[in-house]
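A.B. asks: I have a structure here, written as structure tokens, and I will follow up with some questions on it.
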Protein chains: 4
Amino acid sequence: MQVRLLRSTPEPELIIAAASRSTSADATATEIMDKLTPDYASRMIKHLISAGHLSPLEHASFTFSIEGISRACSHQLVRHRLASYSQQSQRYVHLKEPKFVTPSSFSANPEMRARYQEMVRKAHQFYQEMVKAGIPMEDARYILPGGAETNLVMTMNARELLHAAALRLCPRSQWEIIELFERIKAEVKRVAPTIGEELRPKCYKLTYCDEPKSCGLFPTLKEMAKAK
Amino acid sequence: MQVRLLRSTPEPELIIAAASRSTSADATATEIMDKLTPDYASRMIKHLISAGHLSPLEHASFTFSIEGISRACSHQLVRHRLASYSQQSQRYVHLKEPKFVTPSSFSANPEMRARYQEMVRKAHQFYQEMVKAGIPMEDARYILPGGAETNLVMTMNARELLHAAALRLCPRSQWEIIELFERIKAEVKRVAPTIGEELRPKCYKLTYCDEPKSCGLFPTLKEMAKAK
Amino acid sequence: MQVRLLRSTPEPELIIAAASRSTSADATATEIMDKLTPDYASRMIKHLISAGHLSPLEHASFTFSIEGISRACSHQLVRHRLASYSQQSQRYVHLKEPKFVTPSSFSANPEMRARYQEMVRKAHQFYQEMVKAGIPMEDARYILPGGAETNLVMTMNARELLHAAALRLCPRSQWEIIELFERIKAEVKRVAPTIGEELRPKCYKLTYCDEPKSCGLFPTLKEMAKAK
Amino acid sequence: MQVRLLRSTPEPELIIAAASRSTSADATATEIMDKLTPDYASRMIKHLISAGHLSPLEHASFTFSIEGISRACSHQLVRHRLASYSQQSQRYVHLKEPKFVTPSSFSANPEMRARYQEMVRKAHQFYQEMVKAGIPMEDARYILPGGAETNLVMTMNARELLHAAALRLCPRSQWEIIELFERIKAEVKRVAPTIGEELRPKCYKLTYCDEPKSCGLFPTLKEMAKAK
């Protein structure tokens, strides 16, 4: 898996702070923009997030090239609807190489792992044969497994990144999408350190775990009630 | 594939017409609602669609149980972001039976068809073995093919249904999602005949085909220019 | 101000519970639907909300006729983007009667209140004159004050109702929109008692107040830290 | 009215073209990006728009400072829901100067114009008095007319800009929002000339006018049928 930040709004934290400041000022965003320091912007963003005033965070957006994740993972990812996706089409792209994701849980079972890898290779080989035999790619792909790799371009604004990361960085999430959001977080931190830092599981905002079972990071409300 | 309309806004065409009428009346929607006839509502909806004033169509929504489509198809479907989905989870549901979609293009090639069906059955068998061996379902599913069946509940309002159908009923679309939208159209027609009738390829609104090649229903702009 | 529930998804809590259950069952929503009791649905919805699994709540939607709120209030309301609005147009509707909202804070100052009411009546009278003199309604309305009444039809699903109410029922919100959401809550309770009950300020989910100053319902994090 | 492009995705046309190309290539967006020329990107964007394949256009977004439009206009603008807004709050900002928009249709009637301007000035004066007398700003503003000026920061992606401009640049739209989108178009053209050029009334895509009456730019379908 590779995640690269292709493009983002220049000075993302500054524009968020300026937009936010302009809502309660008798001045225009243009005037405000000139006077802001990165440090002020950083403090403002922390305040917006802690107070739940999230709409100014929508003014900064981030475009990633996400490469080599499984179709199983991309199916989950595109369920985040407040984002834009351009995904490699299995209808139009003839996949010449057998590229697949192997879950790390298979490592504990080398026999299973070997059989998995052989079976996905055979599936790809059969896909190739079908295409050669004149079956449309859009139908031949029905044999390709959920583990088959895909690439996509995703654009998400800072507010939706916070929301998606709050869910996907929770250890209850699925391992591949956790890894994906850890890489997204690392990329965001390069250009927007405060926002990047704030990409973290939802329990940090709640101050408790709202899942049926806690991973240990924060206790559940039941556990907190008992402890008293 | 099965598509069932589980629930919808009662009298969907009436509420759309009342909402639309209320924007240009010195009366409330409650007052307007009482006086509307189904026939007036039907004419109003045709007018709204032909004039491109689509927002009142959002007031009626439709909830479908979509059963037995392929994962390949559901991945396309959920790309329509202005809708709500609750999809059967491959992380939590242990799929005991090997249920798969077989593309009809395979019928022309009985050998390929037989090999496809054998290979998907083997994939399901291996999935079962992995689960039995203690591999988490969320990882075992990486072997399941794009043709594996899934169920989902989808809610879409009438405006988005028009938009999605305009794309998906175009013959350039993929056969499984075309079939899905034909069934959706049939279900909508039962409770909202005018809206159901208006679910059709985008060329009806454009009066020409904007795809690179026309299916013959409407000519492309180039073809129209030549014909003159 | 009047708020009337015009239409809603029939048995809204049942459809939400069925959709939610179908994501982790080897059965279709159609099959599940038949066996659900209102009591099970109610418990399921409470669980979904407390665990933050909110997407199934999108399958039930509610259409309201909102009558006699101020333009100032409607401008705030339509900022909730995950909803559908059909608003009475000041471009097309000739407003014959001077209908206005008078903020209750004016009651403490009878002189101000009287001057306010006179000034808005004069504004409406001048609006009438301009229209009679041939000035387009869309321009004459520039004189109408923020307190001028408007009507609109709004459709919102249960998830967005929860989100909007969490913000707008907070006592830090503006009085007119608080009153609006109290009426919305009362209407929802008639057809979906569990969801209606859950429409409440955001602090109930957080278990603390994330605004700079608390109204007293829940302490802020700072106040909690001090108390220890 | 002032419209300033504060920030935008760098090289907006290139990122759109790369994202689009990556959906039908056996290569990643990162690899594709390096080889694209502005000229190729421009041709690709024209093709995407003419074929109605609009989703890649979402990867480029544009943030504007919009200054000195009327509240009447901003109320219309924020109805475009696929965009982000940070608007100057009349609840928190004490408006010290009487700033108002005067519709140009008033010019034909100097007496009306003078009375309008006097009345809005008086409204502002009374607003000031109320604030001084201790009435909360959020209530005092109920006297401010629809013509009162406001500032806001808006972020919209290229796809939604195309959609909004298609509606708002139609001469059937309201004069102030037409002027706003003409200024938006001018700003977009500076950094994305092809997209800027494509911001135009919806009839260009339809090749006919779908409004009840045409402005003359394109004939209606009825007029076209008669002409034959």
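Chains: A, B, ... in order of the structure tokens. Residues: from 1 per chain. Ligands: from 1, in order shown.
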Given a cut-off of 6 Å, which residues of chain B touch chain A, counting only C-alpha atoms, written out as a PDB file with C-alpha atoms, in the first residue's frame?
C.D. replies:
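Heads up, here's the output in result_26.pdb:
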ATOM      1  CA  HIS B  75     -19.317  -1.506  -5.242  1.00  0.00           C
ATOM      2  CA  ARG B  81     -23.390   9.239  -2.593  1.00  0.00           C
ATOM      3  CA  TYR B 142     -10.273 -11.712   0.763  1.00  0.00           C
ATOM      4  CA  ILE B 143     -10.584 -14.948  -1.226  1.00  0.00           C
ATOM      5  CA  LEU B 144     -14.258 -14.397  -2.102  1.00  0.00           C
ATOM      6  CA  PRO B 145     -14.710 -13.278  -5.728  1.00  0.00           C
ATOM      7  CA  GLY B 146     -16.377 -10.125  -7.045  1.00  0.00           C
ATOM      8  CA  GLY B 147     -19.234 -12.367  -8.174  1.00  0.00           C
TER       9      GLY B 147
END
A.B. asks: Show me, as an MDAnalysis selection string, the residues that have an atom within 7 Å of B:Cys209 when counting only C-alpha atoms, minus same-chain residues fewer than 4 positions from it.
C.D. replies: chainID B and resid 203 214 218:220
A.B. asks: Store the residues picked out above, limited to C-alpha atoms, as a PDB file, in the first residue's frame.
C.D. replies:
ATOM      1  CA  CYS B 203     -30.528  11.112 -23.477  1.00  0.00           C
ATOM      2  CA  SER B 214     -24.649   6.183 -29.477  1.00  0.00           C
ATOM      3  CA  PHE B 218     -30.724   9.216 -29.865  1.00  0.00           C
ATOM      4  CA  PRO B 219     -27.983  10.423 -32.241  1.00  0.00           C
ATOM      5  CA  THR B 220     -24.846  12.161 -30.982  1.00  0.00           C
TER       6      THR B 220
END
A.B. asks: Just list the residues in stretch 51-182 of chain D DSSP gives helix (DSSP H, G or I) on the backbone, as an NGL selection string.
C.D. replies: :D and (51 or 55-59 or 71-77 or 104-108 or 110-132 or 137-143 or 158-168 or 175-182)
A.B. asks: Enter the distance from atom CA of C:Lys185 to atom CA of C:Arg172, in Å, rounded to one decimal.
C.D. replies: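 For atom CA of C:Lys185 relative to atom CA of C:Arg172, the distance reads 17.8 Å.
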A.B. asks: For A:Leu6, find every residue with an atom within 10 Å (counting only C-alpha atoms), except residues of its own chain fewer than 5 positions away, and show them as a list in words.
C.D. replies: Phe62, Thr63, Phe64, Ser65, Ile66, Val153, Met154, Thr155 and Glu187 of chain A; Pro10, Ile15, Ala29, Thr30 and Met33 of chain D
A.B. asks: Could you work out how far atom CA of A:Thr28 lies from atom CA of D:Leu95, giving the answer in Å with one decimal?
C.D. replies: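 The value is 12.8 Å.
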A.B. asks: Which polymer residues have any atom within 8 Å of an atom of A:Gln87, counting only C-alpha atoms, with same-chain residues fewer than 2 positions away left out, as a list of chain:residue names?
C.D. replies: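 Skipping anything fewer than 2 positions along the chain leaves A:Tyr85, A:Ser89, A:Thr150, A:Asn151, A:Leu152, A:Val153, D:Ser22, D:Thr23.
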A.B. asks: Take the residues just selected and output them with N, CA, C and O atoms as a PDB file, in the first residue's frame.
C.D. replies:
ATOM      1  N   TYR A  85     -13.998  10.414  -5.322  1.00  0.00           N
ATOM      2  CA  TYR A  85     -13.177   9.255  -5.674  1.00  0.00           C
ATOM      3  C   TYR A  85     -13.091   9.085  -7.184  1.00  0.00           C
ATOM      4  O   TYR A  85     -14.090   9.230  -7.885  1.00  0.00           O
ATOM      5  N   SER A  89     -10.885   1.384 -12.983  1.00  0.00           N
ATOM      6  CA  SER A  89     -12.043   0.596 -13.379  1.00  0.00           C
ATOM      7  C   SER A  89     -11.654  -0.824 -13.766  1.00  0.00           C
ATOM      8  O   SER A  89     -10.763  -1.025 -14.590  1.00  0.00           O
ATOM      9  N   THR A 150      -6.271  -2.470  -6.036  1.00  0.00           N
ATOM     10  CA  THR A 150      -6.850  -1.385  -6.828  1.00  0.00           C
ATOM     11  C   THR A 150      -6.140  -0.085  -6.463  1.00  0.00           C
ATOM     12  O   THR A 150      -5.495   0.005  -5.413  1.00  0.00           O
ATOM     13  N   ASN A 151      -6.249   0.897  -7.353  1.00  0.00           N
ATOM     14  CA  ASN A 151      -5.720   2.243  -7.102  1.00  0.00           C
ATOM     15  C   ASN A 151      -6.872   3.230  -7.147  1.00  0.00           C
ATOM     16  O   ASN A 151      -7.822   3.029  -7.903  1.00  0.00           O
ATOM     17  N   LEU A 152      -6.770   4.300  -6.379  1.00  0.00           N
ATOM     18  CA  LEU A 152      -7.776   5.344  -6.539  1.00  0.00           C
ATOM     19  C   LEU A 152      -7.233   6.690  -6.101  1.00  0.00           C
ATOM     20  O   LEU A 152      -6.245   6.778  -5.362  1.00  0.00           O
ATOM     21  N   VAL A 153      -7.878   7.737  -6.609  1.00  0.00           N
ATOM     22  CA  VAL A 153      -7.578   9.097  -6.190  1.00  0.00           C
ATOM     23  C   VAL A 153      -8.743   9.550  -5.311  1.00  0.00           C
ATOM     24  O   VAL A 153      -9.900   9.377  -5.685  1.00  0.00           O
TER      25      VAL A 153
ATOM     26  N   SER D  22      -6.424   8.084 -14.581  1.00  0.00           N
ATOM     27  CA  SER D  22      -6.043   6.940 -13.747  1.00  0.00           C
ATOM     28  C   SER D  22      -7.155   5.898 -13.651  1.00  0.00           C
ATOM     29  O   SER D  22      -6.901   4.747 -13.318  1.00  0.00           O
ATOM     30  N   THR D  23      -8.392   6.279 -13.958  1.00  0.00           N
ATOM     31  CA  THR D  23      -9.478   5.299 -13.842  1.00  0.00           C
ATOM     32  C   THR D  23      -9.437   4.271 -14.965  1.00  0.00           C
ATOM     33  O   THR D  23      -9.985   3.197 -14.845  1.00  0.00           O
TER      34      THR D  23
END
A.B. asks: When you look at C:Tyr208 with a cut-off of 12 Å (counting only C-alpha atoms), what residues show up, excluding the ones that are within fewer than 4 positions of it in the same chain? I need them as a list in words.
C.D. replies: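 These residues fall inside the cut-off: Ser50, Ala51, Lys205, Leu206, Thr207 and Tyr208 of chain A; Pro201, Lys202, Cys203, Tyr204, Pro212, Lys213, Ser214, Cys215, Gly216, Leu217, Phe218, Pro219, Thr220, Leu221, Lys222, Glu223, Met224 and Ala225 of chain C.
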A.B. asks: Please indicate the distance in Å from atom CA of D:Gly196 to atom CA of A:Ala192, rounded to one decimal place.
C.D. replies: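 Between these atoms lies a distance of 28.7 Å.
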A.B. asks: Which of these residues is nearest to C:Ala18, using only C-alpha atoms: B:Ser86, B:Gln2, B:Ala166, B:Asp210?
C.D. replies: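 Comparing B:Ser86, B:Gln2, B:Ala166, B:Asp210 against C:Ala18, the winner is B:Ser86.
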A.B. asks: Near A:Glu97, counting only C-alpha atoms, which residues have an atom at most 10 Å away, once you skip same-chain residues fewer than 2 positions from it, shown as number ranges by chain?
C.D. replies: A: 94-95, 99-100, 121, 124-125, 128; D: 26
